[in-house]
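File shown: query-v6.cif. Contents: mmCIF, C-alpha atoms and all ligand atoms.
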```cif
data_target
#
loop_
_atom_site.label_atom_id
_atom_site.label_comp_id
_atom_site.auth_asym_id
_atom_site.auth_seq_id
_atom_site.Cartn_x
_atom_site.Cartn_y
_atom_site.Cartn_z
CA MET A 765 31.42 -13.07 14.83
CA LEU A 766 31.34 -9.37 15.51
CA SER A 767 28.17 -8.06 17.08
CA ARG A 768 26.09 -5.74 14.95
CA ARG A 769 27.02 -2.83 17.25
CA ALA A 770 30.76 -3.59 17.07
CA LEU A 771 30.58 -3.91 13.31
CA LEU A 772 28.78 -0.60 13.00
CA GLN A 773 31.39 1.10 15.18
CA LEU A 774 34.22 -0.38 13.13
CA ALA A 775 32.43 0.47 9.93
CA ALA A 776 32.42 4.13 10.87
CA THR A 777 36.22 4.19 10.85
CA THR A 778 37.14 1.47 8.33
CA PRO A 779 36.09 2.02 4.70
CA VAL A 780 36.21 -1.63 3.62
CA LEU A 781 34.15 -2.77 6.58
CA GLY A 782 31.74 0.06 5.94
CA HIS A 783 31.07 -1.25 2.47
CA LEU A 784 30.80 -4.79 3.81
CA ALA A 785 28.29 -3.71 6.43
CA ALA A 786 26.28 -1.88 3.79
CA TYR A 787 26.49 -4.95 1.54
CA PHE A 788 24.97 -7.16 4.21
CA GLY A 789 22.28 -4.63 4.91
CA LEU A 790 23.59 -3.88 8.38
CA THR A 791 23.62 -0.15 7.81
CA ASN A 792 21.19 1.90 5.85
CA VAL A 793 22.66 4.20 3.25
CA ALA A 794 21.41 7.34 4.98
CA ALA A 795 23.19 6.34 8.20
CA SER A 796 26.52 5.44 6.58
CA PRO A 797 28.93 8.33 6.10
CA LEU A 798 30.92 6.31 3.58
CA ALA A 799 28.30 5.24 1.08
CA ARG A 800 27.54 7.39 -1.94
CA ASP A 801 24.77 9.86 -1.31
CA TYR A 802 22.89 9.17 -4.53
CA PHE A 803 19.99 11.50 -3.88
CA LYS A 804 22.34 14.36 -3.10
CA GLU A 805 24.28 13.67 -6.30
CA LEU A 806 20.99 13.94 -8.16
CA GLY A 807 19.98 17.13 -6.42
CA LEU A 808 17.10 15.36 -4.63
CA ARG A 809 16.19 16.22 -1.07
CA PRO A 810 14.69 13.38 1.00
CA PHE A 811 11.91 14.25 3.43
CA ILE A 812 10.23 12.96 6.54
CA ASN A 813 7.00 11.27 5.52
CA ALA A 814 4.28 12.60 7.85
CA ALA A 815 1.69 12.01 5.12
CA GLY A 816 1.25 8.25 4.74
CA THR A 817 1.38 5.70 1.91
CA PHE A 818 1.05 8.00 -1.09
CA THR A 819 2.47 6.84 -4.43
CA MET A 820 3.62 10.37 -5.31
CA LEU A 821 5.69 10.43 -2.08
CA THR A 822 7.08 6.92 -2.78
CA ALA A 823 4.74 5.54 -0.12
CA SER A 824 6.68 3.33 2.30
CA GLN A 825 10.08 2.06 3.36
CA MET A 826 11.02 -1.60 3.47
CA PRO A 827 12.39 -3.15 6.68
CA ASP A 828 16.05 -4.33 6.52
CA GLU A 829 15.00 -8.00 6.24
CA VAL A 830 13.10 -7.13 3.07
CA THR A 831 15.98 -5.27 1.41
CA GLN A 832 18.21 -8.21 2.39
CA ALA A 833 15.84 -10.52 0.48
CA ILE A 834 16.19 -8.24 -2.56
CA ARG A 835 19.96 -8.39 -2.27
CA TYR A 836 19.86 -12.20 -1.88
CA ALA A 837 17.70 -12.69 -4.96
CA SER A 838 19.71 -10.23 -7.03
CA THR A 839 22.77 -12.50 -7.05
CA ARG A 840 20.96 -15.73 -8.00
CA TYR A 841 18.94 -16.86 -11.01
CA VAL A 842 15.75 -18.86 -10.78
CA ARG A 843 13.01 -19.42 -13.35
CA LEU A 844 10.40 -16.71 -13.06
CA ASP A 845 7.44 -19.12 -13.12
CA ASP A 846 9.12 -21.36 -10.52
CA ILE A 847 9.54 -18.57 -8.00
CA GLN A 848 6.00 -17.32 -8.64
CA ASP A 849 4.70 -20.89 -8.06
CA ALA A 850 6.70 -21.39 -4.86
CA VAL A 851 6.07 -17.96 -3.34
CA GLY A 852 2.43 -18.01 -4.39
CA ALA A 853 1.90 -21.37 -2.65
CA ARG A 854 3.61 -20.10 0.51
CA ILE A 855 1.54 -16.91 0.54
CA ALA A 856 -1.67 -18.89 0.03
CA THR A 857 -0.85 -21.01 3.09
CA LEU A 858 0.03 -17.96 5.19
CA LEU A 859 -3.14 -16.13 4.16
CA ARG A 860 -5.47 -19.17 4.26
CA CYS A 861 -6.64 -18.79 0.66
CA GLU A 862 -6.68 -21.25 -2.24
CA ALA A 863 -4.04 -19.50 -4.30
CA ALA A 864 -1.98 -16.33 -4.55
CA THR A 865 0.42 -14.55 -6.85
CA VAL A 866 2.68 -11.52 -6.57
CA THR A 867 1.75 -8.68 -8.91
CA ALA A 868 3.20 -5.24 -9.67
CA GLY A 869 0.90 -3.55 -7.11
CA ALA A 870 -2.81 -3.73 -6.37
CA ALA A 871 -3.65 -1.98 -9.65
CA SER A 872 -1.77 -4.69 -11.54
CA ALA A 873 -3.63 -7.34 -9.51
CA LEU A 874 -6.90 -5.78 -10.71
CA THR A 875 -5.83 -5.96 -14.36
CA LEU A 876 -4.39 -9.48 -14.17
CA GLY A 877 -7.30 -10.84 -12.14
CA THR A 878 -9.79 -9.40 -14.62
CA ALA A 879 -7.78 -10.82 -17.53
CA GLY A 880 -7.91 -14.24 -15.85
CA VAL A 881 -11.67 -14.07 -15.41
CA LEU A 882 -12.05 -13.25 -19.12
CA THR A 883 -9.63 -15.73 -20.62
CA GLY A 884 -9.61 -18.74 -18.33
CA LEU A 885 -6.67 -20.90 -19.41
CA ASP A 886 -7.02 -19.98 -23.11
CA GLU A 887 -3.74 -18.45 -24.32
CA LYS A 888 -5.35 -17.25 -27.54
CA LYS A 889 -7.81 -15.18 -25.56
CA ALA A 890 -4.98 -13.76 -23.44
CA ALA A 891 -3.24 -12.66 -26.63
CA GLN A 892 -6.47 -11.12 -27.93
CA LEU A 893 -7.02 -8.77 -24.93
CA PRO A 894 -7.89 -5.89 -24.66
CA ASP A 895 -10.10 -6.86 -27.60
CA VAL A 896 -12.95 -8.73 -25.89
CA THR A 897 -14.74 -9.86 -29.05
CA GLY A 898 -16.33 -13.22 -28.27
CA MET A 899 -15.76 -12.83 -24.53
CA LYS A 900 -17.85 -11.33 -21.78
CA SER A 901 -17.39 -7.58 -21.81
CA GLU A 902 -18.97 -5.93 -18.75
CA VAL A 903 -17.99 -5.29 -15.15
CA ILE A 904 -20.62 -4.11 -12.68
CA LEU A 905 -19.70 -1.63 -9.96
CA GLN A 906 -21.72 0.40 -7.47
CA ARG A 907 -21.69 4.08 -8.41
CA ALA A 908 -20.56 4.95 -4.85
CA HIS A 909 -17.54 2.69 -5.34
CA PHE A 910 -16.12 4.54 -8.32
CA VAL A 911 -12.39 5.32 -7.98
CA GLY A 912 -9.82 6.18 -10.64
CA TYR A 913 -8.15 2.79 -10.12
CA VAL A 914 -11.08 1.26 -12.04
CA HIS A 915 -8.92 2.11 -15.08
CA ALA A 916 -6.94 -1.03 -14.17
CA ILE A 917 -10.06 -3.05 -15.04
CA ARG A 918 -10.75 -1.08 -18.22
CA ASN A 919 -7.23 -1.98 -19.41
CA CYS A 920 -8.72 -5.38 -20.27
CA GLY A 921 -11.20 -3.79 -22.66
CA MET A 922 -14.11 -3.98 -20.24
CA SER A 923 -17.01 -1.60 -20.18
CA MET A 924 -18.29 -0.51 -16.79
CA VAL A 925 -21.92 -0.77 -15.74
CA TYR A 926 -22.87 1.38 -12.74
CA VAL A 927 -25.66 0.60 -10.28
CA ASP A 928 -26.85 1.92 -6.91
CA THR A 929 -29.04 -0.73 -5.28
CA ALA A 930 -29.00 -4.52 -4.87
CA ALA A 931 -32.06 -4.75 -7.14
CA GLU A 932 -30.31 -2.72 -9.84
CA LEU A 933 -27.23 -4.89 -9.45
CA GLU A 934 -29.20 -8.09 -10.01
CA ALA A 935 -31.11 -6.55 -12.92
CA ALA A 936 -27.84 -5.45 -14.58
CA ILE A 937 -26.43 -8.98 -14.61
CA SER A 938 -26.62 -10.54 -18.08
CA ASP A 939 -24.69 -12.99 -20.24
CA ARG A 940 -22.27 -10.12 -20.96
CA THR A 941 -21.33 -9.79 -17.27
CA ALA A 942 -17.80 -10.99 -16.55
CA LEU A 943 -17.22 -9.68 -13.05
CA LEU A 944 -18.67 -7.82 -10.07
CA LEU A 945 -16.13 -5.33 -8.70
CA PHE A 946 -16.11 -4.10 -5.08
CA ILE A 947 -13.92 -1.36 -3.56
CA ASN A 948 -13.50 -2.42 0.05
CA ALA A 949 -12.68 1.04 1.44
CA LEU A 950 -16.08 2.24 0.21
CA ASN A 951 -18.11 -0.53 1.88
CA GLU A 952 -19.96 2.02 4.04
CA GLU A 953 -20.68 4.34 1.11
CA GLY A 954 -22.33 1.75 -1.12
CA GLN A 955 -25.83 0.40 -0.52
CA VAL A 956 -24.78 -3.20 -1.18
CA LYS A 957 -22.37 -4.28 1.58
CA ASP A 958 -19.58 -6.85 1.21
CA ALA A 959 -21.36 -10.07 2.30
CA GLU A 960 -24.52 -9.32 0.32
CA PHE A 961 -22.39 -8.47 -2.73
CA VAL A 962 -20.68 -11.87 -2.50
CA ALA A 963 -24.05 -13.61 -2.11
CA ILE A 964 -25.39 -11.93 -5.28
CA GLY A 965 -22.28 -13.01 -7.21
CA LYS A 966 -22.68 -16.60 -6.02
CA ARG A 967 -26.40 -16.66 -6.81
CA HIS A 968 -25.69 -15.65 -10.42
CA GLY A 969 -22.40 -17.54 -10.83
CA ILE A 970 -20.43 -14.34 -11.52
CA PRO A 971 -16.98 -13.90 -9.88
CA THR A 972 -16.62 -11.10 -7.30
CA PHE A 973 -13.40 -9.10 -6.95
CA ASN A 974 -12.57 -7.00 -3.86
CA ASP A 975 -9.97 -4.22 -4.12
CA CYS A 976 -8.51 -4.06 -0.58
CA ALA A 977 -5.36 -2.18 -1.63
CA ALA A 978 -4.86 0.02 1.44
CA ASP A 979 -6.84 -2.10 3.89
CA VAL A 980 -4.26 -3.42 6.35
CA PRO A 981 -4.15 -2.86 9.28
CA PRO A 982 -6.01 -4.74 10.65
CA VAL A 983 -3.97 -7.80 9.69
CA GLU A 984 -7.07 -10.07 9.65
CA ASN A 985 -8.25 -8.36 6.47
CA LEU A 986 -5.61 -10.40 4.64
CA TRP A 987 -7.87 -13.47 4.98
CA LYS A 988 -11.24 -11.97 5.92
CA TYR A 989 -12.46 -11.28 2.38
CA THR A 990 -11.37 -14.49 0.67
CA GLU A 991 -13.01 -16.34 3.60
CA MET A 992 -16.13 -14.20 3.11
CA GLY A 993 -16.33 -15.67 -0.40
CA PHE A 994 -14.84 -13.05 -2.74
CA ASP A 995 -13.35 -14.97 -5.67
CA LEU A 996 -10.45 -12.53 -6.03
CA VAL A 997 -8.90 -10.03 -3.59
CA ALA A 998 -6.17 -7.45 -4.28
CA PHE A 999 -3.75 -5.85 -1.78
CA SER A 1000 -0.92 -3.37 -2.26
CA GLY A 1001 2.46 -4.77 -1.28
CA GLY A 1002 4.01 -1.42 -0.49
CA LYS A 1003 1.40 0.19 1.76
CA GLY A 1004 0.83 -1.19 5.29
CA ILE A 1005 2.68 -4.44 4.53
CA ARG A 1006 5.83 -2.45 3.65
CA GLY A 1007 7.03 -4.73 0.91
CA PRO A 1008 8.34 -3.33 -2.38
CA GLN A 1009 6.25 -0.35 -3.48
CA SER A 1010 6.09 -1.94 -6.95
CA ALA A 1011 4.56 -5.19 -5.65
CA GLY A 1012 1.11 -6.38 -4.69
CA LEU A 1013 -0.94 -9.49 -3.95
CA LEU A 1014 -3.65 -11.20 -5.95
CA LEU A 1015 -5.42 -13.77 -3.75
CA GLY A 1016 -8.29 -16.12 -4.41
CA ARG A 1017 -9.59 -19.09 -6.36
CA LYS A 1018 -6.98 -21.46 -7.73
CA ASP A 1019 -8.43 -21.58 -11.25
CA LEU A 1020 -8.63 -17.78 -11.48
CA ILE A 1021 -5.09 -17.19 -10.18
CA ALA A 1022 -3.76 -19.72 -12.72
CA ALA A 1023 -5.71 -17.90 -15.43
CA ALA A 1024 -4.41 -14.49 -14.27
CA ARG A 1025 -0.85 -15.79 -14.52
CA LEU A 1026 -1.45 -16.41 -18.23
CA SER A 1027 -1.48 -12.63 -18.73
CA ALA A 1028 1.57 -12.01 -16.51
CA PRO A 1029 5.29 -12.07 -17.43
CA PRO A 1030 7.25 -13.95 -18.67
CA ARG A 1031 4.47 -14.34 -21.27
CA GLY A 1032 4.96 -11.46 -23.70
CA ASP A 1033 1.87 -11.21 -25.87
CA THR A 1034 -0.41 -10.07 -23.00
CA VAL A 1035 -1.97 -7.00 -21.38
CA GLY A 1036 0.18 -7.69 -18.30
CA ARG A 1037 3.61 -7.72 -19.95
CA GLY A 1038 4.35 -4.21 -18.71
CA MET A 1039 3.57 -5.26 -15.13
CA LYS A 1040 6.72 -7.21 -14.46
CA VAL A 1041 7.81 -8.26 -11.00
CA ASN A 1042 11.13 -10.05 -10.93
CA LYS A 1043 12.60 -12.49 -8.40
CA GLU A 1044 13.74 -9.67 -6.10
CA GLU A 1045 10.28 -8.18 -5.63
CA ILE A 1046 8.56 -11.57 -5.50
CA LEU A 1047 10.83 -12.82 -2.72
CA ALA A 1048 10.78 -9.47 -0.90
CA MET A 1049 6.98 -9.47 -0.99
CA LEU A 1050 6.93 -12.83 0.79
CA VAL A 1051 9.46 -11.73 3.40
CA ALA A 1052 7.59 -8.46 4.03
CA LEU A 1053 4.38 -10.42 4.47
CA GLU A 1054 6.00 -12.87 6.93
CA LEU A 1055 7.30 -9.94 8.99
CA TYR A 1056 3.93 -8.23 8.87
CA LEU A 1057 2.13 -11.35 10.09
CA GLU A 1058 4.60 -11.85 12.94
CA LYS A 1059 4.69 -8.33 14.29
CA ASP A 1060 2.98 -7.15 17.48
CA HIS A 1061 0.21 -5.09 15.94
CA ASP A 1062 -1.15 -3.80 19.26
CA ARG A 1063 2.26 -2.55 20.25
CA GLU A 1064 2.71 -0.82 16.90
CA ARG A 1065 -0.72 0.79 17.26
CA ARG A 1066 0.19 2.14 20.71
CA LEU A 1067 3.47 3.52 19.31
CA TRP A 1068 1.58 5.40 16.56
CA GLU A 1069 -0.88 6.72 19.15
CA ARG A 1070 1.95 8.06 21.34
CA GLN A 1071 3.62 9.61 18.30
CA VAL A 1072 0.54 11.49 17.09
CA GLU A 1073 -0.26 12.55 20.67
CA LEU A 1074 3.24 14.00 20.97
CA ILE A 1075 2.81 16.03 17.78
CA ALA A 1076 -0.71 17.09 18.83
CA GLY A 1077 0.54 18.28 22.22
CA ARG A 1078 3.29 20.43 20.73
CA ALA A 1079 0.91 21.92 18.18
CA ARG A 1080 -1.70 22.73 20.85
CA SER A 1081 0.93 24.47 22.98
CA VAL A 1082 0.54 27.31 20.46
CA PRO A 1083 -2.47 29.45 21.54
CA GLY A 1084 -5.41 29.11 19.15
CA VAL A 1085 -4.38 25.70 17.72
CA GLU A 1086 -6.74 22.74 17.97
CA THR A 1087 -6.19 19.05 17.21
CA GLU A 1088 -8.17 15.86 16.81
CA ILE A 1089 -7.01 12.26 16.49
CA HIS A 1090 -9.20 9.94 14.41
CA VAL A 1091 -8.82 6.49 12.88
CA PRO A 1092 -10.36 5.96 9.42
CA PRO A 1093 -12.66 2.88 9.66
CA ILE A 1094 -11.32 1.11 6.53
CA ALA A 1095 -8.15 1.93 4.51
CA ASN A 1096 -5.30 3.73 6.25
CA HIS A 1097 -6.83 2.46 9.51
CA VAL A 1098 -4.19 4.16 11.68
CA PRO A 1099 -4.15 7.07 14.18
CA SER A 1100 -4.37 10.23 12.09
CA LEU A 1101 -3.97 13.77 13.41
CA ARG A 1102 -5.93 16.78 12.23
CA VAL A 1103 -4.55 20.21 13.12
CA TRP A 1104 -6.37 23.52 12.58
CA TRP A 1105 -6.37 26.94 14.21
CA ASP A 1106 -8.08 30.24 14.76
CA ALA A 1107 -6.89 32.33 11.80
CA ALA A 1108 -7.13 35.51 13.88
CA ARG A 1109 -4.55 34.20 16.33
CA VAL A 1110 -2.30 32.12 14.07
CA ARG A 1111 -1.88 34.14 10.89
CA ILE A 1112 -0.82 31.53 8.35
CA THR A 1113 -2.81 29.28 6.03
CA PRO A 1114 -2.53 25.47 6.25
CA GLN A 1115 -1.11 25.51 2.72
CA ALA A 1116 1.62 27.95 3.80
CA VAL A 1117 2.46 25.76 6.82
CA ARG A 1118 2.88 22.75 4.53
CA GLU A 1119 5.10 24.78 2.20
CA ALA A 1120 7.24 26.03 5.10
CA LEU A 1121 7.70 22.49 6.41
CA ARG A 1122 8.55 21.22 2.93
CA ALA A 1123 11.11 23.99 2.43
CA GLY A 1124 12.64 23.51 5.91
CA ASP A 1125 15.51 21.34 7.02
CA PRO A 1126 14.79 18.47 7.23
CA SER A 1127 11.98 18.69 4.71
CA ILE A 1128 8.64 17.34 5.94
CA GLU A 1129 5.66 16.25 3.82
CA MET A 1130 2.13 16.06 5.17
CA MET A 1131 -1.39 16.13 3.77
CA GLY A 1132 -4.41 18.36 4.39
CA ASN A 1133 -6.62 20.92 2.70
CA ASP A 1134 -7.49 24.63 2.95
CA GLU A 1135 -8.80 24.16 6.50
CA ARG A 1136 -6.33 21.86 8.20
CA LEU A 1137 -3.21 19.68 8.26
CA ASP A 1138 -3.45 15.88 8.15
CA ILE A 1139 -0.58 13.96 9.73
CA THR A 1140 0.21 10.28 10.25
CA THR A 1141 3.33 8.75 11.77
CA TRP A 1142 3.12 5.16 10.52
CA MET A 1143 5.48 5.71 7.58
CA MET A 1144 8.12 7.58 9.65
CA ARG A 1145 11.42 6.25 10.88
CA PRO A 1146 11.60 6.04 14.68
CA GLY A 1147 12.28 9.41 16.30
CA GLU A 1148 11.16 11.49 13.31
CA GLU A 1149 7.93 12.30 15.13
CA LYS A 1150 9.96 14.47 17.53
CA ILE A 1151 11.38 16.50 14.64
CA VAL A 1152 7.92 16.93 13.11
CA ALA A 1153 6.48 18.03 16.49
CA ARG A 1154 9.23 20.61 16.99
CA ARG A 1155 9.15 21.99 13.44
CA LEU A 1156 5.37 22.22 13.38
CA GLU A 1157 5.29 24.09 16.69
CA THR A 1158 7.99 26.48 15.47
CA VAL A 1159 6.19 27.32 12.23
CA LEU A 1160 2.81 27.80 13.97
CA ARG A 1161 4.27 29.85 16.83
CA ALA A 1162 6.12 32.13 14.43
CA ALA A 1163 2.74 33.05 12.92
CA THR A 1164 1.12 34.05 16.20
CA THR A 1165 0.51 37.74 16.76
C1 LIG B 1201 -3.47 2.38 -3.55
C2 LIG B 1201 -4.70 1.82 -4.18
C3 LIG B 1201 -4.63 1.12 -5.39
C4 LIG B 1201 -3.34 0.97 -6.15
O1 LIG B 1201 -2.42 0.22 -5.45
P1 LIG B 1201 -0.94 -0.04 -6.00
O2 LIG B 1201 -0.41 -1.09 -5.09
O3 LIG B 1201 -0.21 1.27 -5.89
O4 LIG B 1201 -1.05 -0.49 -7.41
C5 LIG B 1201 -5.79 0.55 -5.89
N1 LIG B 1201 -6.96 0.68 -5.26
C6 LIG B 1201 -7.09 1.38 -4.10
C7 LIG B 1201 -8.42 1.49 -3.44
C8 LIG B 1201 -5.95 1.97 -3.52
O5 LIG B 1201 -6.05 2.62 -2.36
#
```
Go ahead and express the file in the form of structure tokens.
Amino acid sequence: MLSRRALLQLAATTPVLGHLAAYFGLTNVAASPLARDYFKELGLRPFINAAGTFTMLTASQMPDEVTQAIRYASTRYVRLDDIQDAVGARIATLLRCEAATVTAGAASALTLGTAGVLTGLDEKKAAQLPDVTGMKSEVILQRAHFVGYVHAIRNCGMSMVYVDTAAELEAAISDRTALLLFINALNEEGQVKDAEFVAIGKRHGIPTFNDCAADVPPVENLWKYTEMGFDLVAFSGGKGIRGPQSAGLLLGRKDLIAAARLSAPPRGDTVGRGMKVNKEEILAMLVALELYLEKDHDRERRLWERQVELIAGRARSVPGVETEIHVPPIANHVPSLRVWWDAARVRITPQAVREALRAGDPSIEMMGNDERLDITTWMMRPGEEKIVARRLETVLRAATT
């Protein structure tokens, strides 16, 4: 067998081997001079992702092992329900929960999980949704937990009931209440915290659902909330876990996962029919999760810290520029760099800096507002942090007087 290095060297000079190497996932398309440059053909310019896991920026990149799983599955047929059963069982074991299924993202997990709570194992009810006549029709949510993703719940025909306090929450529960919804990232903002929320659900026999979409790292969150007693928990597959961007996880009670599956493909007469994940994404989700569980999270954290410190140092070398590194407590819990400056000394707005970096070569995307730039490195390819540091310094320095 040729070593990976030898194969790559040969591939650079031998067209057939180049295609073979690409076929086996040994090269990435960007690195291979022989593969078609699809994005270029389409007039698209790729960029360095210094922003993070944003859907509009296509969020994350899959490790090679994950794209290899996609390639593997794409040349073999299996029954869709069989692979969901097998992968779901494996994921449940890995994540120490009763049951699991792969969905088309966390938003899809919210819709399918809610559908399952409403219908149980009644196929007629699944076909009736989003008409909830004869079913429970309300979901209770703390006002401080409102996010646009709640639309995923409303897809099932639910009406939302908003409360502020634990007393209001208990008073709002009635025989119309189907579900209590919790947005994990907003635990601090709401008055009713996670464990108390679960306890209220249990006391009244109403299922609780925790949307943890962006909430790894830390890795322990993958089992923390099912163990805390939430009946259903949703994660994005294509954020920190770096599985397919169009995949997600629905974890929780066995009866509710089975019921959620009733509204998922291949079944056609359901609210979930447009949320298809096929064998490629289902398998890739499992492989991404295995890799994520195995990786050295402390080492990765230290790498991200060094990367943001490098960018911070280069930015601060420009007189008048200030930086701060912070780690959001829940959701996108990674080292994040804020950069701002004295407008009298660096005469450019943050918006104009972002535009200059986007227009530059290579193009760089980052976040921020009118006051500052927000940068993360966790969705970069290794080494890109050096390019971002250099480009940022150049743009800021050019604006000094
Ligand atoms: C990202 C996110 C979602 C949607 O996740 P997808 O995997 O893109 O469907 C839902 N809820 C919250 C809180 C999120 O951050």
Practice prompt. Could the residues that lie within 8 Å of ligand LIG 1201 (chain B), counting all atoms listed in the file, be listed as an MDAnalysis selection string?
Written response: chainID A and resid 818:819 868:873 911 913:914 947:949 975:979 999:1003 1009:1012 1095
Item to complete: Just the residues within 12 Å of Glu1157 in chain A, please, counting only C-alpha atoms, with nothing from its chain fewer than 2 positions along; format it as a list in words.
Response: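 Using only C-alpha atoms, the neighbours found are Leu1074, Ile1075, Ala1076, Gly1077, Arg1078, Ala1079, Arg1080, Ser1081, Val1082, Pro1083, Val1085, Val1103, Val1110, Val1117, Ala1120, Leu1121, Lys1150, Ile1151, Val1152, Ala1153, Arg1154, Arg1155, Val1159, Leu1160, Arg1161, Ala1162, Ala1163 and Thr1164 of chain A.
Residues with at least one atom no more than 8 Å from (6.7, -16.6, -10.0), using only C-alpha atoms, are A:Arg843, A:Leu844, A:Asp845, A:Asp846, A:Ile847, A:Gln848, A:Asp849, A:Ala850, A:Val851, A:Gly852, A:Thr865, A:Val866, A:Asn1042, A:Lys1043, A:Ile1046.
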Give me the residues within 7 Å of Ala863 in chain A as a PDB file with C-alpha atoms, in the coordinates of the input, counting all atoms listed in the file and dropping any in the same chain fewer than 6 places off.
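Contents of selection_34.pdb, freshly written:
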```
ATOM      1  CA  GLY A 852       2.430 -18.010  -4.390  1.00  0.00           C
ATOM      2  CA  ALA A 853       1.900 -21.370  -2.650  1.00  0.00           C
ATOM      3  CA  ALA A 856      -1.670 -18.890   0.030  1.00  0.00           C
ATOM      4  CA  LEU A1015      -5.420 -13.770  -3.750  1.00  0.00           C
ATOM      5  CA  GLY A1016      -8.290 -16.120  -4.410  1.00  0.00           C
ATOM      6  CA  ARG A1017      -9.590 -19.090  -6.360  1.00  0.00           C
ATOM      7  CA  LYS A1018      -6.980 -21.460  -7.730  1.00  0.00           C
ATOM      8  CA  ILE A1021      -5.090 -17.190 -10.180  1.00  0.00           C
TER       9      ILE A1021
END
```
Item to complete: Could you check which of A:Asn1133, A:Asn813, A:Thr929, A:Asn974 is closest to Arg907 in chain A, using all atoms listed in the file?
Response: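 Ranked by minimum distance to Arg907 in chain A, first place goes to A:Thr929.
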Discussion item. Between A:Lys900, A:Arg860, A:Arg1136, A:Arg840, which residue has the minimum interatomic distance to Ser938 in chain A, considering only C-alpha atoms?
Written reply: A:Lys900
Fill in: Nearby residues (only C-alpha atoms) at most 10 Å from Glu1054 in chain A, same-chain spacing under 3 positions excluded, as a PyMOL selection string
chain A and resi 830+854-855+858+1005+1048-1051+1057-1059
Practice prompt. For Gln906 in chain A, list every protein, DNA or RNA residue within 7 Å, evaluated using all atoms listed in the file, and leave out those in the same chain fewer than 6 positions away; present the list as an MDAnalysis selection string.
Written response: chainID A and resid 926:928 954
